[in-house]
>>> print(open('structure-v1.cif').read())   # mmCIF, C-alpha atoms and all ligand atoms
data_work
#
loop_
_atom_site.label_atom_id
_atom_site.label_comp_id
_atom_site.auth_asym_id
_atom_site.auth_seq_id
_atom_site.Cartn_x
_atom_site.Cartn_y
_atom_site.Cartn_z
CA MET T 1 0.00 0.00 0.00
CA THR T 2 2.76 2.36 0.98
CA HIS T 3 4.46 1.87 -2.35
CA ARG T 4 1.24 2.61 -4.20
CA ARG T 5 0.60 5.73 -2.15
CA GLU T 6 4.16 6.95 -2.76
CA PHE T 7 3.76 6.28 -6.46
CA LEU T 8 0.46 8.16 -6.65
CA LYS T 9 1.91 11.11 -4.81
CA ALA T 10 4.87 11.18 -7.16
CA THR T 11 2.70 10.88 -10.25
CA THR T 12 0.46 13.72 -9.15
CA ALA T 13 3.48 15.87 -8.55
CA GLY T 14 4.65 14.98 -12.03
CA LEU T 15 8.30 14.95 -11.04
CA PHE T 16 9.83 11.75 -9.80
CA GLY T 17 12.82 9.50 -9.87
CA ILE T 18 12.82 5.71 -9.77
CA SER T 19 15.37 3.61 -7.96
CA LEU T 20 15.81 0.04 -6.86
CA LEU T 21 16.85 -0.18 -3.24
CA PRO T 22 17.90 -3.41 -1.53
CA VAL T 23 15.93 -3.60 1.73
CA ARG T 24 16.45 -6.60 4.01
CA ASN T 25 17.71 -8.64 1.08
CA LYS T 26 14.66 -7.85 -1.05
CA LEU T 27 14.53 -5.44 -3.92
CA ARG T 28 11.87 -2.81 -3.50
CA LEU T 29 10.73 -0.50 -6.22
CA LYS T 30 10.81 2.97 -4.76
CA VAL T 31 9.34 5.90 -6.58
CA GLN T 32 9.74 9.26 -5.04
CA ARG T 33 9.76 12.88 -6.06
CA GLN T 34 13.26 14.31 -5.92
CA VAL T 35 13.49 17.53 -3.93
CA LYS T 36 15.77 19.93 -5.80
CA PRO T 37 17.52 22.19 -5.55
CA LEU T 38 18.34 21.76 -1.89
CA VAL T 39 21.04 22.84 0.53
CA ILE T 40 21.54 21.90 4.18
CA SER T 41 24.30 22.83 6.58
CA THR T 42 25.33 22.47 10.20
CA TRP T 43 24.64 24.91 13.05
CA ASP T 44 23.02 28.34 13.20
CA PHE T 45 25.56 29.94 10.88
CA GLY T 46 24.26 27.52 8.24
CA ILE T 47 21.47 30.04 7.56
CA GLN T 48 23.84 32.64 6.08
CA ALA T 49 25.89 29.98 4.35
CA ASN T 50 22.77 28.38 2.81
CA ALA T 51 21.67 31.76 1.44
CA ALA T 52 24.94 32.11 -0.50
CA ALA T 53 24.65 28.54 -1.79
CA TRP T 54 21.00 29.01 -2.75
CA ALA T 55 21.87 32.03 -4.92
CA ILE T 56 23.87 29.64 -7.10
CA LEU T 57 21.47 26.71 -6.98
CA GLN T 58 18.38 28.71 -7.94
CA ASN T 59 20.17 29.99 -11.04
CA GLY T 60 20.82 26.44 -12.18
CA GLY T 61 24.41 26.39 -10.86
CA ARG T 62 26.35 23.29 -9.92
CA ALA T 63 26.07 21.88 -6.39
CA LEU T 64 29.88 21.94 -6.13
CA ASP T 65 29.98 25.70 -6.74
CA ALA T 66 27.12 26.19 -4.28
CA VAL T 67 28.75 24.35 -1.38
CA GLU T 68 32.07 26.11 -1.92
CA ALA T 69 30.41 29.54 -2.00
CA GLY T 70 28.23 28.65 0.99
CA VAL T 71 30.96 27.63 3.40
CA ARG T 72 33.16 30.56 2.35
CA VAL T 73 30.70 32.79 4.25
CA PRO T 74 31.58 31.58 7.77
CA GLU T 75 35.22 31.12 6.71
CA ALA T 76 35.45 34.87 6.09
CA ASP T 77 33.54 35.90 9.23
CA PRO T 78 35.97 36.91 12.00
CA ASN T 79 33.21 36.63 14.61
CA ILE T 80 32.87 32.89 14.06
CA GLN T 81 35.71 31.49 16.14
CA THR T 82 35.53 27.94 14.88
CA ILE T 83 36.07 28.34 11.14
CA GLY T 84 38.56 30.20 8.93
CA LEU T 85 39.46 33.79 9.84
CA GLY T 86 39.27 34.31 13.61
CA GLY T 87 39.31 30.58 14.36
CA LEU T 88 40.61 29.77 17.83
CA PRO T 89 44.25 28.68 17.62
CA ASP T 90 46.00 25.54 18.76
CA ARG T 91 47.72 25.53 22.13
CA ASP T 92 50.84 27.13 20.59
CA GLY T 93 48.83 30.02 19.13
CA HIS T 94 48.65 28.83 15.50
CA VAL T 95 45.30 28.94 13.66
CA THR T 96 45.31 25.73 11.62
CA LEU T 97 42.48 24.89 9.25
CA ASP T 98 41.06 21.58 7.99
CA ALA T 99 38.70 21.31 5.00
CA CYS T 100 37.47 18.97 2.30
CA ILE T 101 35.16 18.99 -0.68
CA MET T 102 33.62 16.22 -2.79
CA ASP T 103 31.70 16.34 -6.07
CA GLU T 104 29.10 14.26 -7.89
CA HIS T 105 31.76 12.27 -9.76
CA GLY T 106 33.43 11.04 -6.57
CA ASN T 107 36.32 13.49 -6.91
CA ALA T 108 37.64 14.79 -3.61
CA GLY T 109 40.13 17.35 -2.35
CA ALA T 110 41.32 18.23 1.15
CA VAL T 111 43.75 20.31 3.16
CA ALA T 112 44.77 19.78 6.77
CA CYS T 113 46.70 21.86 9.27
CA LEU T 114 46.74 24.74 6.79
CA GLU T 115 47.87 28.11 8.16
CA HIS T 116 47.51 31.70 6.90
CA ILE T 117 44.83 31.11 4.24
CA VAL T 118 41.22 32.11 4.96
CA HIS T 119 39.46 29.99 2.38
CA ALA T 120 40.69 26.50 3.13
CA ILE T 121 37.72 25.08 1.21
CA SER T 122 38.84 26.74 -2.01
CA VAL T 123 42.36 25.39 -1.54
CA ALA T 124 40.81 21.93 -1.05
CA ARG T 125 38.94 22.38 -4.33
CA LYS T 126 42.18 23.33 -6.09
CA VAL T 127 43.83 20.19 -4.69
CA MET T 128 40.97 18.21 -6.22
CA GLU T 129 41.07 19.95 -9.58
CA LYS T 130 44.73 20.81 -10.12
CA THR T 131 46.70 17.97 -8.54
CA PRO T 132 46.70 14.19 -8.83
CA HIS T 133 46.25 14.02 -5.03
CA VAL T 134 43.37 14.15 -2.56
CA MET T 135 45.02 15.81 0.44
CA LEU T 136 47.82 18.26 1.14
CA VAL T 137 48.87 19.19 4.68
CA GLY T 138 50.80 21.83 6.60
CA GLU T 139 53.62 23.66 4.86
CA GLY T 140 53.04 21.79 1.59
CA ALA T 141 49.39 22.86 1.56
CA LEU T 142 50.41 26.46 2.26
CA GLN T 143 53.01 26.49 -0.53
CA PHE T 144 50.45 25.03 -2.94
CA ALA T 145 47.85 27.65 -1.92
CA LEU T 146 50.36 30.47 -2.47
CA SER T 147 51.28 29.04 -5.87
CA GLN T 148 47.58 29.19 -6.77
CA GLY T 149 47.38 32.88 -5.88
CA PHE T 150 45.67 32.66 -2.47
CA PRO T 151 46.67 35.64 -0.27
CA LYS T 152 48.68 34.93 2.90
CA GLN T 153 47.31 36.57 6.02
CA ASN T 154 47.22 36.42 9.78
CA LEU T 155 44.11 34.49 10.85
CA LEU T 156 44.48 35.15 14.58
CA THR T 157 42.11 37.98 15.44
CA PRO T 158 42.53 40.03 18.64
CA SER T 159 39.52 38.34 20.26
CA SER T 160 40.76 34.82 19.47
CA GLU T 161 44.23 35.75 20.72
CA LYS T 162 42.65 37.06 23.92
CA ALA T 163 40.69 33.81 24.40
CA TRP T 164 43.88 31.78 23.82
CA LYS T 165 45.85 33.84 26.37
CA GLU T 166 43.02 33.41 28.85
CA TRP T 167 43.08 29.65 28.22
CA LEU T 168 46.87 29.55 28.71
CA LYS T 169 46.40 30.62 32.35
CA THR T 170 45.08 27.17 33.20
CA ALA T 171 45.50 25.21 29.96
CA HIS T 172 42.51 23.17 31.09
CA TYR T 173 41.41 20.99 28.19
CA HIS T 174 37.76 20.07 28.30
CA PRO T 175 35.60 20.01 25.16
CA VAL T 176 32.51 22.17 25.53
CA ILE T 177 29.40 20.78 23.88
CA ASN T 178 27.64 22.89 21.22
CA ILE T 179 29.94 25.83 21.79
CA GLU T 180 28.97 27.61 18.58
CA ASN T 181 25.47 28.29 19.82
CA GLN T 182 26.96 29.92 22.87
CA LEU T 183 29.52 31.83 20.79
CA SER T 184 26.98 33.39 18.45
CA PRO T 185 27.27 37.21 18.49
CA ALA T 186 24.12 37.60 20.59
CA HIS T 187 25.64 35.53 23.39
CA HIS T 188 29.21 36.55 22.92
CA ASP T 189 29.77 38.53 26.09
CA SER T 190 28.20 36.03 28.41
CA THR T 191 30.15 33.15 26.90
CA TYR T 192 33.37 33.68 28.74
CA SER T 193 31.72 34.21 32.09
CA SER T 194 29.33 31.26 31.73
CA HIS T 195 32.10 28.73 31.24
CA HIS T 196 34.20 26.93 33.72
CA PRO T 197 37.29 29.15 33.90
CA GLY T 198 39.85 27.95 31.39
CA ASP T 199 37.55 25.53 29.59
CA SER T 200 38.44 25.24 25.94
CA PHE T 201 36.07 26.15 23.11
CA ASN T 202 35.81 23.42 20.56
CA HIS T 203 32.87 23.57 18.24
CA ASP T 204 31.79 24.03 15.53
CA THR T 205 32.43 23.07 11.99
CA ILE T 206 30.34 23.87 8.95
CA GLY T 207 29.40 20.88 6.85
CA MET T 208 27.21 21.59 3.83
CA LEU T 209 25.44 19.27 1.37
CA ALA T 210 23.60 20.33 -1.78
CA ILE T 211 21.56 18.93 -4.64
CA ASP T 212 21.44 21.05 -7.78
CA GLN T 213 18.71 21.37 -10.40
CA GLN T 214 20.35 18.57 -12.40
CA GLY T 215 19.90 16.33 -9.36
CA ASN T 216 23.63 16.07 -8.60
CA LEU T 217 25.10 16.10 -5.10
CA SER T 218 28.20 17.73 -3.66
CA GLY T 219 29.46 18.53 -0.17
CA ALA T 220 31.96 20.68 1.71
CA CYS T 221 33.29 20.73 5.25
CA THR T 222 35.60 23.33 6.83
CA THR T 223 36.81 24.15 10.34
CA SER T 224 39.58 25.48 12.53
CA GLY T 225 39.15 22.25 14.47
CA LEU T 226 39.20 21.76 18.20
CA ALA T 227 40.38 24.90 19.95
CA PHE T 228 43.71 24.72 21.78
CA LYS T 229 44.45 21.32 20.27
CA MET T 230 48.03 20.04 20.08
CA HIS T 231 49.98 21.62 17.24
CA GLY T 232 49.72 19.32 14.22
CA ARG T 233 46.45 17.73 15.33
CA VAL T 234 44.09 17.03 12.44
CA GLY T 235 40.44 16.23 13.04
CA ASP T 236 37.78 14.44 11.06
CA SER T 237 36.65 17.42 8.99
CA PRO T 238 39.19 17.07 6.11
CA ILE T 239 39.00 13.27 6.08
CA ILE T 240 36.87 11.88 3.25
CA GLY T 241 34.54 9.34 4.84
CA ALA T 242 34.72 10.97 8.28
CA GLY T 243 33.92 14.70 7.96
CA LEU T 244 32.23 14.31 4.58
CA PHE T 245 31.19 11.67 2.09
CA VAL T 246 29.22 12.01 -1.14
CA ASP T 247 27.97 9.23 -3.38
CA ASN T 248 25.86 10.65 -6.18
CA GLU T 249 23.89 7.41 -6.53
CA VAL T 250 22.94 7.22 -2.85
CA GLY T 251 23.32 10.46 -0.90
CA ALA T 252 25.75 12.45 1.20
CA ALA T 253 26.61 13.04 4.83
CA THR T 254 28.68 15.45 6.89
CA ALA T 255 29.71 15.63 10.53
CA THR T 256 30.42 18.01 13.37
CA GLY T 257 31.69 17.41 16.88
CA VAL T 258 34.71 15.73 18.37
CA GLY T 259 36.67 14.50 15.37
CA GLU T 260 38.52 11.75 17.21
CA ALA T 261 35.21 9.99 17.91
CA ASN T 262 34.09 10.30 14.32
CA MET T 263 37.35 9.09 12.79
CA ARG T 264 37.07 5.88 14.79
CA ILE T 265 33.85 4.94 13.03
CA CYS T 266 34.48 6.49 9.55
CA GLY T 267 31.19 8.22 10.33
CA THR T 268 29.96 9.79 7.11
CA HIS T 269 30.98 6.83 4.97
CA THR T 270 29.07 4.63 7.40
CA VAL T 271 26.00 6.90 7.16
CA VAL T 272 26.03 6.79 3.34
CA GLU T 273 26.48 3.01 3.31
CA LEU T 274 23.52 2.66 5.70
CA MET T 275 21.42 4.80 3.36
CA ARG T 276 22.54 2.54 0.50
CA GLN T 277 21.10 -0.39 2.43
CA GLY T 278 17.75 1.40 2.50
CA HIS T 279 17.81 3.22 5.83
CA HIS T 280 16.18 6.63 6.09
CA PRO T 281 18.86 9.36 6.46
CA GLU T 282 17.85 10.06 10.07
CA GLU T 283 18.05 6.39 10.97
CA ALA T 284 21.39 6.07 9.17
CA CYS T 285 22.78 8.95 11.27
CA ARG T 286 21.49 7.36 14.49
CA LEU T 287 22.81 3.90 13.64
CA ALA T 288 26.28 5.32 12.91
CA LEU T 289 26.31 7.07 16.30
CA GLU T 290 25.20 3.87 18.00
CA ARG T 291 28.38 2.16 16.85
CA LEU T 292 30.32 4.58 19.02
CA VAL T 293 27.82 4.40 21.89
CA LYS T 294 28.01 0.60 21.94
CA LYS T 295 31.79 0.43 22.06
CA GLN T 296 32.56 3.46 24.22
CA PRO T 297 29.43 4.50 26.13
CA ASP T 298 31.16 6.66 28.76
CA TYR T 299 33.16 8.52 26.15
CA ALA T 300 30.11 8.97 23.89
CA ARG T 301 28.16 10.44 26.79
CA SER T 302 30.85 13.03 27.47
CA ILE T 303 31.20 14.54 23.99
CA GLN T 304 29.16 15.89 21.10
CA LEU T 305 29.12 14.25 17.68
CA ALA T 306 26.42 14.86 15.09
CA PHE T 307 25.67 13.77 11.55
CA LEU T 308 23.63 15.50 8.87
CA ALA T 309 22.62 13.55 5.76
CA VAL T 310 20.53 13.70 2.63
CA ASP T 311 19.64 10.92 0.26
CA LYS T 312 19.51 11.17 -3.50
CA ASN T 313 15.79 12.03 -3.36
CA GLY T 314 16.38 14.98 -1.09
CA THR T 315 15.13 13.30 2.09
CA ILE T 316 16.99 14.89 5.00
CA GLY T 317 18.04 13.35 8.31
CA ALA T 318 20.17 14.30 11.29
CA TYR T 319 21.09 12.86 14.66
CA ALA T 320 23.42 13.88 17.50
CA LEU T 321 24.80 12.33 20.64
CA GLN T 322 23.73 15.32 22.72
CA LYS T 323 20.84 17.76 22.51
CA GLY T 324 21.36 21.11 20.84
CA PHE T 325 22.62 20.22 17.36
CA THR T 326 21.01 22.63 14.91
CA TYR T 327 21.09 22.62 11.12
CA ALA T 328 19.74 24.88 8.41
CA VAL T 329 17.54 23.65 5.56
CA TYR T 330 16.78 25.45 2.29
CA THR T 331 14.51 23.78 -0.28
CA PRO T 332 11.85 25.12 -2.66
CA ASP T 333 9.29 24.45 0.14
CA ILE T 334 11.41 25.39 3.15
CA PRO T 335 12.95 28.83 2.71
CA ASN T 336 16.02 28.51 4.95
CA ARG T 337 14.84 27.26 8.33
CA LEU T 338 16.79 26.19 11.37
CA MET T 339 15.98 22.71 12.73
CA GLU T 340 17.15 20.84 15.78
CA SER T 341 18.08 17.18 15.50
CA LYS T 342 17.04 14.36 17.77
CA SER T 343 19.71 13.08 20.10
CA ILE T 344 20.70 9.84 21.77
CA TYR T 345 21.15 11.41 25.23
C1 LIG I 401 37.25 18.61 14.70
N1 LIG I 401 35.05 18.02 13.97
O1 LIG I 401 38.26 19.21 14.38
C2 LIG I 401 35.92 19.13 14.21
C3 LIG I 401 35.38 20.11 15.19
C4 LIG I 401 33.92 20.33 15.08
O2 LIG I 401 31.97 21.03 15.81
O3 LIG I 401 33.24 19.87 14.26
N2 LIG I 401 33.30 20.98 15.91
O4 LIG I 401 37.26 17.60 15.42
#
>>> encode(input="structure-v1.cif", output="structure tokens")
Amino acid sequence: MTHRREFLKATTAGLFGISLLPVRNKLRLKVQRQVKPLVISTWDFGIQANAAAWAILQNGGRALDAVEAGVRVPEADPNIQTIGLGGLPDRDGHVTLDACIMDEHGNAGAVACLEHIVHAISVARKVMEKTPHVMLVGEGALQFALSQGFPKQNLLTPSSEKAWKEWLKTAHYHPVINIENQLSPAHHDSTYSSHHPGDSFNHDTIGMLAIDQQGNLSGACTTSGLAFKMHGRVGDSPIIGAGLFVDNEVGAATATGVGEANMRICGTHTVVELMRQGHHPEEACRLALERLVKKQPDYARSIQLAFLAVDKNGTIGAYALQKGFTYAVYTPDIPNRLMESKSIY
């Protein structure tokens, strides 16, 4: 009955795609209208980022161009202390950026531990398009970026330097859950007083996924990583299959939270593979998190990790370990709205 109802709905709408999905070892004919264009991204700053991506998508632009343009917005914003310019530094005072991008053909590019360049995502795209490699790191990534004409600049803003110097007084390392919501401009002043003195600020990353009018998927993920991390530490965000994974036949997923937890379960690759098996995107995100919860329940309880996913039809899903994970959705029917995901705890 469900299949018939879905089919009728799709036929009435006049716009639908057909796919064969293996579900519990059976093949099910699934007919569903594809939602497009579409863009989704992590956290409250996803609203501004989505708007930039949507400008490209609504003009028939490519999803890859949309996700790059979208995440460049928080990268350039010095008031967002978790991405690009103004990102909180590592414990030695260096702002080091991680980013990756993936297109509808399965091409991928990434940079890790990149210093002095605001738009890490655009360097990642150049790695994808101009080199035979997937990832460049550290000094090599910087030299490549400079060779491609990216300007070199100081990313440590006075307010991030101040926060780092404050942190140095105790050097207490304790990830704070959902820090970006507390660091938004409206809450900025109260942030420092509301925290345990010396607590480190860790979140958050922007991960963005888009479907263009041609029905193709791409994704981008960019961050300054965990604040006050060890110098040289690289998180999940630039790792294909952890911070981001796109399979144009199935769907895409991105992640935010404590990268070490995500890398242990190859999170976004796991989410996409679960969707391939027929799981709804929300269920795929939850099942991936449950792998961590099952193996390391105490650790999982103490940190934040969240996944955001979309399948090829434009069905969206998200799940987090802890409450408070927000994401922004922009579709023809939903004009850029902030949602909050379900959580395990
Ligand atoms: C990292 N996953 O470097 C990033 C940080 C993050 O929300 O996403 N915060 O581990």
>>> residues_around(input="structure-v1.cif", residues="Glu129 in chain T", least_positions_apart="6", cutoff="9 Å", atoms="only C-alpha atoms", output="PyMOL selection string")
chain T and resi 107-109
>>> residues_near_ligand(input="structure-v1.cif", ligand="ligand LIG 401 (chain I)", cutoff="6 Å", atoms="all atoms listed in the file", output="PyMOL selection string")
chain T and resi 202-205+225-226+235-237+256-259
>>> write_last_selection(input="structure-v1.cif", atoms="C-alpha atoms", output="mmCIF file, keeping the file's coordinate frame")
data_model
loop_
_atom_site.group_PDB
_atom_site.id
_atom_site.type_symbol
_atom_site.label_atom_id
_atom_site.label_comp_id
_atom_site.auth_asym_id
_atom_site.auth_seq_id
_atom_site.Cartn_x
_atom_site.Cartn_y
_atom_site.Cartn_z
ATOM 1 C CA ASN T 202 35.810 23.420 20.560
ATOM 2 C CA HIS T 203 32.870 23.570 18.240
ATOM 3 C CA ASP T 204 31.790 24.030 15.530
ATOM 4 C CA THR T 205 32.430 23.070 11.990
ATOM 5 C CA GLY T 225 39.150 22.250 14.470
ATOM 6 C CA LEU T 226 39.200 21.760 18.200
ATOM 7 C CA GLY T 235 40.440 16.230 13.040
ATOM 8 C CA ASP T 236 37.780 14.440 11.060
ATOM 9 C CA SER T 237 36.650 17.420 8.990
ATOM 10 C CA THR T 256 30.420 18.010 13.370
ATOM 11 C CA GLY T 257 31.690 17.410 16.880
ATOM 12 C CA VAL T 258 34.710 15.730 18.370
ATOM 13 C CA GLY T 259 36.670 14.500 15.370
#
>>> residues_near_point(input="structure-v1.cif", point="(22.7, 18.2, -9.6)", cutoff="12 Å", atoms="only C-alpha atoms", output="ChimeraX atom specification")
/T:34-39,56-58,60-67,103-105,209-219,248-249,251,312-314
>>> write_last_selection(input="structure-v1.cif", atoms="C-alpha atoms", output="compact mmCIF listing (two decimals), in the coordinates of the input")
# COMPACT_ATOMS: atom_id res chain seq x y z
CA GLN T 34 13.26 14.31 -5.92
CA VAL T 35 13.49 17.53 -3.93
CA LYS T 36 15.77 19.93 -5.80
CA PRO T 37 17.52 22.19 -5.55
CA LEU T 38 18.34 21.76 -1.89
CA VAL T 39 21.04 22.84 0.53
CA ILE T 56 23.87 29.64 -7.10
CA LEU T 57 21.47 26.71 -6.98
CA GLN T 58 18.38 28.71 -7.94
CA GLY T 60 20.82 26.44 -12.18
CA GLY T 61 24.41 26.39 -10.86
CA ARG T 62 26.35 23.29 -9.92
CA ALA T 63 26.07 21.88 -6.39
CA LEU T 64 29.88 21.94 -6.13
CA ASP T 65 29.98 25.70 -6.74
CA ALA T 66 27.12 26.19 -4.28
CA VAL T 67 28.75 24.35 -1.38
CA ASP T 103 31.70 16.34 -6.07
CA GLU T 104 29.10 14.26 -7.89
CA HIS T 105 31.76 12.27 -9.76
CA LEU T 209 25.44 19.27 1.37
CA ALA T 210 23.60 20.33 -1.78
CA ILE T 211 21.56 18.93 -4.64
CA ASP T 212 21.44 21.05 -7.78
CA GLN T 213 18.71 21.37 -10.40
CA GLN T 214 20.35 18.57 -12.40
CA GLY T 215 19.90 16.33 -9.36
CA ASN T 216 23.63 16.07 -8.60
CA LEU T 217 25.10 16.10 -5.10
CA SER T 218 28.20 17.73 -3.66
CA GLY T 219 29.46 18.53 -0.17
CA ASN T 248 25.86 10.65 -6.18
CA GLU T 249 23.89 7.41 -6.53
CA GLY T 251 23.32 10.46 -0.90
CA LYS T 312 19.51 11.17 -3.50
CA ASN T 313 15.79 12.03 -3.36
CA GLY T 314 16.38 14.98 -1.09
>>> residues_around(input="structure-v1.cif", residues="Ala320 in chain T", least_positions_apart="5", cutoff="10 Å", atoms="all atoms listed in the file", output="PyMOL selection string")
chain T and resi 255-257+285-286+289+304-308+325-326+340-345
>>> residues_near_point(input="structure-v1.cif", point="(44.6, 34.3, 5.8)", cutoff="9 Å", atoms="all atoms listed in the file", output="list in words")
Gly84, Leu85, Glu115, His116, Ile117, Val118, His119, Phe150, Pro151, Lys152, Gln153, Asn154, Leu155 and Leu156 of chain T
>>> closest_residue(input="structure-v1.cif", among="T:Arg291, T:Asn50, T:Glu161, T:Trp43", to="Ile334 in chain T", atoms="all atoms listed in the file")
T:Asn50
>>> atom_distance(input="structure-v1.cif", atom1="CA of Met208 in chain T", atom2="CA of Val329 in chain T")
10.0 Å
>>> closest_residue(input="structure-v1.cif", among="T:Cys113, T:Ala253, T:Ile206, T:Ala261", to="Ala284 in chain T", atoms="only C-alpha atoms")
T:Ala253
>>> atom_distance(input="structure-v1.cif", atom1="CA of Arg91 in chain T", atom2="CA of Gln148 in chain T")
29.1 Å
>>> atom_distance(input="structure-v1.cif", atom1="CA of Ala309 in chain T", atom2="CA of Pro132 in chain T")
28.2 Å
>>> closest_residue(input="structure-v1.cif", among="T:Gly86, T:Gly140, T:Gly267, T:Gly93", to="Thr223 in chain T", atoms="all atoms listed in the file")
T:Gly86
>>> closest_residue(input="structure-v1.cif", among="T:Ala99, T:Leu244, T:Ile47, T:Ala163", to="Leu338 in chain T", atoms="all atoms listed in the file")
T:Ile47
>>> closest_residue(input="structure-v1.cif", among="T:Phe144, T:Val250, T:Lys165, T:Phe45", to="Gly278 in chain T", atoms="all atoms listed in the file")
T:Val250
>>> residues_around(input="structure-v1.cif", residues="Ala112 in chain T", least_positions_apart="3", cutoff="8 Å", atoms="only C-alpha atoms", output="list in words")
Thr96, Leu97, Asp98, Ala99, Met135, Leu136, Val137, Gly138, Ala141, Val234 and Pro238 of chain T
